[in-house]
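Chemist: First, the structure itself, so that you have it in front of you.
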Amino acid sequence: MEEVTGAQLIAESLKTQKVEYMFGIVGVPVIEVAMAAQAAGIKYVGMRNEQAACYAASAVGYLTGRPGACLVVSGPGLIHALGGMANANINCWPVVVIGGSSDRNQETAGAFQEFPQVEACRLYSKFSARPSSLEAIPSVIEKAVRTSMYGRPGACYVDIAGDMVNAKVDRSKVREVSCCPPPPVSLADDGAITDAISVLKAAKTPLVIVGKGAAYSRAEAMLKEFVEVCGLPFLPTPMGKGVLPDDHPNCVAAARSRALLQADVVLLLGARLNWILHFGLPPRFNPNVKILQVDLCAEEMGNNVRPSVALLGDISAIVSQLLKCVQKEGWKYPSNTEWWSTLKEKIAANAKISKALALQTTLPMNYYTVFHHVSQLLPHDCIIVSEGANTMDIGRTMLNNYLPRHRLDAGTFGTMGVGLGFAIAAAAMEMSKARGQRVVCVEGDSAFGFSGMEVETMCRYNLPVVIIVVNNNGIYSGVDPETWREMKQMGDMTSIAPPVSLLPEARYDEVMTAFGGQGFLVRTVEELHSALQLSLSNWDKPSLLNVLIDPSSDRKQQEFPWLTRSNL
């Protein structure tokens with residue numbers, strides 16, 4: 001009789017479910033699980049913090065549609081991963097977390113790192129369970145993977161008692177469980193499709209909003225045909241960028257506020273009317289706007305605004321239904337309407353303001369200058385990871401995406417610290433598939449600090465990520481070095497330094513250099529061009545550009561603040 005360990009069963013079960021990547025930090029009791037995963041053909045990336053490991057595993061889930069695995073130790077290790085699980089759940093990304101826990105015969109006795117892990121994870125996941133025996137491991141793993149993908153995607157947790165890792169069982173006693181298929185694709189009701197097209201045809205100022213749900217459902221080809229056949233303007237949400245190229249003639253992202261405010265009908269494709277879209281309410285939206293809501297989650301229908309038509313099902317499949325109906329009726333929104341003129345005028349006006357800021361030659365540079373020159377050098381097929389306050393918001397408007405699922409940012413949960421984990425996941429996938437697409441991680445200096453030690457992970461695995469730290473010496477804004485020196489002379493900095501301030505001109509580039517990567521200190525446009533060109537041409541090691549900008553640099557005047565306060 002062939003015997004198999006619990007660790008082997010976990011690894012083999014994950015492999016059977018087509019889980020290709022595992023990110024984590026090993027220790028008692030899960031070291032053998034990582035080793036077994038590698039032996040089974042799963043790629044293992046050892047991280048420096050469990051939270052970043054879970055961010056990385058969830059990014060794989062978003063990019064591939066199949067969850068990545070996150071492996072953590074008991075107690076504090078699992079607790080650190082909860083932030084990543086919560087982020088995945090709110091973002092609707094599939095991920096499976098495998099956590100070691102106390103031995104079963106030591107429960108309630110004060111065991112090493114004992115913690116109610118299964119119970120704790122129920123708040124942050126769709127499914128949380130511990131296999132009752134070694135024989136049950138394949139079934140529980142299959143259910144976790146399936147649950148993470150089916151319906152609204154999210155996080156799932158599987159708890160493994162420490163004494164189960166090395167325990168053995170006859171393989172013949174373990175029931176084989178086959179790979180779960182991809183989620184079933186559902187269509188909207190035909191009557192709802194007809195109603196939606198009728199509302200759309202009657203619109204004077206229609207708008208299509210493309211959410212990351214459209215990216216996740218691989219709706220890009222169908223959506224491109226639909227937008228072009230219908231002649232409709234579209235607005236991508238931050239991670240909906242690239243589903244259709246940002247330079248597409250129908251993209252009105254540069255007139256975002258005007259488009260949202262004046263649209264009388266909105267076709268909402270895989271986006272939620274949450275804070276990112278200002279809840280769909282005035283003053284950002286027309287109080288009489290009609291929403292055509294397309295979502296795979298029935299519970300999402302009617303959140304904050306009751307839809308005129310609810311279309312429940314797969315985004316790509318429903319867009320196909322809408323397209324067939326439009327083609328049958330031969331309808332197209334005219335290109336010579338006042339609505340198109342209004343949007344194009346606003347796009348031109350905003351472009352003029354941004355260009356004026358971008359072409360300023362004063363030093364230190366501002367955000368717009370940095371992003372203007374970075375955008376000129378980035379490859380069209382690069383994956384852009386971005387986080388930070390102004391860094392992410394301004395970068396979203398100035399760094400274009402041309403391909404779907406090529407932008408990863410703080411997302412629906414607004415989570416800072418995700419950047420390096422996301423970048424590691426994307427780079428590991430690109431390296432293994434040899435597609436040659438660069439991963440560029442654009443970070444605020446505050447955001448970089450959450451997971452800065454992950455640069456060692458990048459160096460250890462030779463992941464050629466290009467990190468651009470846009471360094472303004474603080475959170476939102478900082479102080480200049482001279483002011484900092486004056487404050488230090490005034491006394492205790494805990495009473496004097498502004499809470500938003502960070503160390504002026506901190507040498508983040510030297511952090512990268514310390515681990516064997518390339519580090520560049522950048523103060524001028526010329527230095528920015530040189531450092532970025534050199535970094536993009538180097539595939540042998542990661543790079544970090546520490547770009548010093550004016551601590552008082554800010555966004556251009558906004559018609560409405562990005563984070564709309566609501567009376568909800």
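Residues are named by chain letter and number: chains run A, B, ... in the order of the structure tokens, numbers start at 1 in each chain, and ligands are numbered from 1 in the order shown.
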Among range 433-510 of chain A, which residues does DSSP mark as alpha helix (DSSP H) when it is run on the backbone? Keep the chain and numbering as in the structure and answer as a list of chain:residue names.

Modeler: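 Across range 433-510 of chain A, those assigned alpha helix (DSSP H) are A:Lys433, A:Asp445, A:Ser446, A:Ala447, A:Phe448, A:Gly449, A:Phe450, A:Glu454, A:Val455, A:Glu456, A:Thr457, A:Met458, A:Cys459, A:Arg460, A:Pro481, A:Glu482, A:Thr483, A:Trp484, A:Arg485, A:Glu486, A:Met487, A:Lys488, A:Met493, A:Thr494, A:Ser495, A:Ile496, A:Tyr508, A:Asp509, A:Glu510.
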
Chemist: Per residue of range 515-560 of chain A within 8 Å of range 366-385 of chain A, note the shortest atom pair and the distance in Å to one decimal, counting only C-alpha atoms, and order the rows by chain and increasing residue number, as JSON lines.

Modeler:
```
{"residue": "A:Val525", "atom": "CA", "partner": "A:His373", "partner_atom": "CA", "distance": 7.5}
{"residue": "A:Leu528", "atom": "CA", "partner": "A:His373", "partner_atom": "CA", "distance": 7.9}
{"residue": "A:His529", "atom": "CA", "partner": "A:His373", "partner_atom": "CA", "distance": 7.3}
{"residue": "A:Leu532", "atom": "CA", "partner": "A:Leu377", "partner_atom": "CA", "distance": 7.6}
{"residue": "A:Gln533", "atom": "CA", "partner": "A:Leu377", "partner_atom": "CA", "distance": 7.2}
{"residue": "A:Ile549", "atom": "CA", "partner": "A:Asn366", "partner_atom": "CA", "distance": 5.5}
{"residue": "A:Asp550", "atom": "CA", "partner": "A:Asn366", "partner_atom": "CA", "distance": 5.7}
{"residue": "A:Ser553", "atom": "CA", "partner": "A:Asn366", "partner_atom": "CA", "distance": 5.4}
{"residue": "A:Asp554", "atom": "CA", "partner": "A:Tyr367", "partner_atom": "CA", "distance": 7.3}
{"residue": "A:Arg555", "atom": "CA", "partner": "A:Tyr367", "partner_atom": "CA", "distance": 7.9}
```

Chemist: Residues within 10 Å of Leu9 in chain A, please, as number ranges by chain. Count only C-alpha atoms; anything in the same chain fewer than 6 positions from it doesn't count.

Modeler: A: 15, 33, 36-37, 40, 134-138, 141, 165, 168-169, 171, 174

Chemist: Generate the output file for the selected residues, all heavy atoms, as a compact mmCIF listing (two decimals), in the first residue's frame.

Modeler:
```
# COMPACT_ATOMS: atom_id res chain seq x y z
N LYS A 15 -2.94 21.06 -7.17
CA LYS A 15 -2.50 20.87 -8.55
C LYS A 15 -3.64 20.31 -9.40
O LYS A 15 -3.85 20.73 -10.55
CB LYS A 15 -1.30 19.92 -8.58
CG LYS A 15 -0.69 19.73 -9.96
CD LYS A 15 -0.06 21.01 -10.48
CE LYS A 15 0.64 20.79 -11.80
NZ LYS A 15 1.22 22.03 -12.35
N VAL A 33 4.39 21.56 3.43
CA VAL A 33 3.36 21.83 2.43
C VAL A 33 3.97 22.58 1.25
O VAL A 33 3.70 22.27 0.09
CB VAL A 33 2.20 22.64 3.04
CG1 VAL A 33 1.17 23.02 1.96
CG2 VAL A 33 1.52 21.85 4.16
N ALA A 36 6.10 20.14 -0.71
CA ALA A 36 5.26 19.23 -1.49
C ALA A 36 4.64 19.94 -2.69
O ALA A 36 4.47 19.33 -3.76
CB ALA A 36 4.17 18.65 -0.59
N ALA A 37 4.30 21.22 -2.51
CA ALA A 37 3.73 21.99 -3.62
C ALA A 37 4.73 22.09 -4.77
O ALA A 37 4.37 21.90 -5.94
CB ALA A 37 3.31 23.37 -3.14
N ALA A 40 4.99 18.91 -6.59
CA ALA A 40 3.82 18.63 -7.42
C ALA A 40 3.77 19.49 -8.67
O ALA A 40 2.88 19.32 -9.50
CB ALA A 40 2.55 18.84 -6.59
N LEU A 134 -7.49 13.23 6.91
CA LEU A 134 -6.64 13.31 5.72
C LEU A 134 -7.43 12.94 4.48
O LEU A 134 -7.26 13.56 3.42
CB LEU A 134 -5.44 12.35 5.87
CG LEU A 134 -4.41 12.67 6.96
CD1 LEU A 134 -3.29 11.64 6.93
CD2 LEU A 134 -3.86 14.06 6.81
N GLU A 135 -8.32 11.94 4.61
CA GLU A 135 -9.10 11.51 3.45
C GLU A 135 -9.99 12.62 2.91
O GLU A 135 -10.36 12.62 1.73
CB GLU A 135 -9.98 10.30 3.84
CG GLU A 135 -9.19 9.04 4.16
CD GLU A 135 -8.80 8.94 5.64
OE1 GLU A 135 -8.73 10.00 6.31
OE2 GLU A 135 -8.58 7.82 6.11
N ALA A 136 -10.36 13.60 3.77
CA ALA A 136 -11.28 14.66 3.35
C ALA A 136 -10.58 15.83 2.67
O ALA A 136 -11.24 16.71 2.11
CB ALA A 136 -12.04 15.18 4.58
N ILE A 137 -9.25 15.86 2.70
CA ILE A 137 -8.51 17.01 2.17
C ILE A 137 -8.84 17.31 0.71
O ILE A 137 -9.14 18.46 0.36
CB ILE A 137 -7.00 16.82 2.38
CG1 ILE A 137 -6.65 17.03 3.85
CG2 ILE A 137 -6.19 17.80 1.50
CD1 ILE A 137 -5.20 16.75 4.22
N PRO A 138 -8.81 16.33 -0.21
CA PRO A 138 -9.11 16.66 -1.62
C PRO A 138 -10.49 17.28 -1.82
O PRO A 138 -10.64 18.22 -2.60
CB PRO A 138 -8.99 15.31 -2.33
CG PRO A 138 -8.07 14.50 -1.47
CD PRO A 138 -8.41 14.91 -0.07
N ILE A 141 -10.43 20.94 -0.46
CA ILE A 141 -9.67 21.81 -1.37
C ILE A 141 -10.49 22.10 -2.62
O ILE A 141 -10.56 23.25 -3.09
CB ILE A 141 -8.33 21.15 -1.75
CG1 ILE A 141 -7.39 21.05 -0.54
CG2 ILE A 141 -7.64 21.95 -2.88
CD1 ILE A 141 -6.81 22.34 -0.03
N VAL A 165 -0.18 17.48 8.88
CA VAL A 165 0.75 17.77 7.79
C VAL A 165 1.63 16.57 7.47
O VAL A 165 1.81 16.20 6.30
CB VAL A 165 1.61 19.01 8.13
CG1 VAL A 165 2.72 19.20 7.07
CG2 VAL A 165 0.74 20.26 8.22
N LYS A 168 0.20 10.19 7.85
CA LYS A 168 0.12 9.43 6.60
C LYS A 168 -1.16 8.61 6.55
O LYS A 168 -1.74 8.23 7.58
CB LYS A 168 1.33 8.50 6.47
CG LYS A 168 2.66 9.23 6.35
CD LYS A 168 3.82 8.27 6.19
CE LYS A 168 5.14 9.02 6.03
NZ LYS A 168 6.29 8.08 5.87
N VAL A 169 -1.58 8.35 5.32
CA VAL A 169 -2.75 7.53 5.09
C VAL A 169 -2.53 6.73 3.81
O VAL A 169 -1.79 7.17 2.92
CB VAL A 169 -4.03 8.40 4.96
CG1 VAL A 169 -3.95 9.30 3.74
CG2 VAL A 169 -5.29 7.56 4.92
N ARG A 171 -3.06 5.69 0.27
CA ARG A 171 -3.65 6.44 -0.84
C ARG A 171 -4.97 5.80 -1.31
O ARG A 171 -5.88 6.52 -1.75
CB ARG A 171 -2.66 6.51 -2.00
CG ARG A 171 -3.11 7.45 -3.12
CD ARG A 171 -2.12 7.50 -4.25
NE ARG A 171 -0.88 8.21 -3.91
CZ ARG A 171 -0.75 9.54 -3.95
NH1 ARG A 171 -1.78 10.30 -4.28
NH2 ARG A 171 0.40 10.09 -3.65
N VAL A 174 -8.14 7.34 0.02
CA VAL A 174 -8.46 8.74 -0.30
C VAL A 174 -9.27 8.77 -1.59
O VAL A 174 -8.82 8.31 -2.65
CB VAL A 174 -7.16 9.57 -0.47
CG1 VAL A 174 -7.51 11.02 -0.80
CG2 VAL A 174 -6.32 9.49 0.80
```

Chemist: Separation of CA of Gln51 in chain A and CA of Lys433 in chain A, in Å?

Modeler: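 Interatomic distance, CA of Gln51 in chain A to CA of Lys433 in chain A: 25.3 Å.
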
Chemist: Near Asp159 in chain A, counting only C-alpha atoms, which residues have an atom at most 10 Å away, once you skip same-chain residues fewer than 5 positions from it, shown as an MDAnalysis selection string?

Modeler: chainID A and resid 72 74 78 97:102 117:118 121 128:131 140

Chemist: From the list A:Lys328, A:Ile394, A:Thr412, A:Glu510, which residue is nearest Leu277 in chain A when using only C-alpha atoms?

Modeler: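 Of A:Lys328, A:Ile394, A:Thr412, A:Glu510, the one nearest Leu277 in chain A, counting only C-alpha atoms, is A:Thr412.
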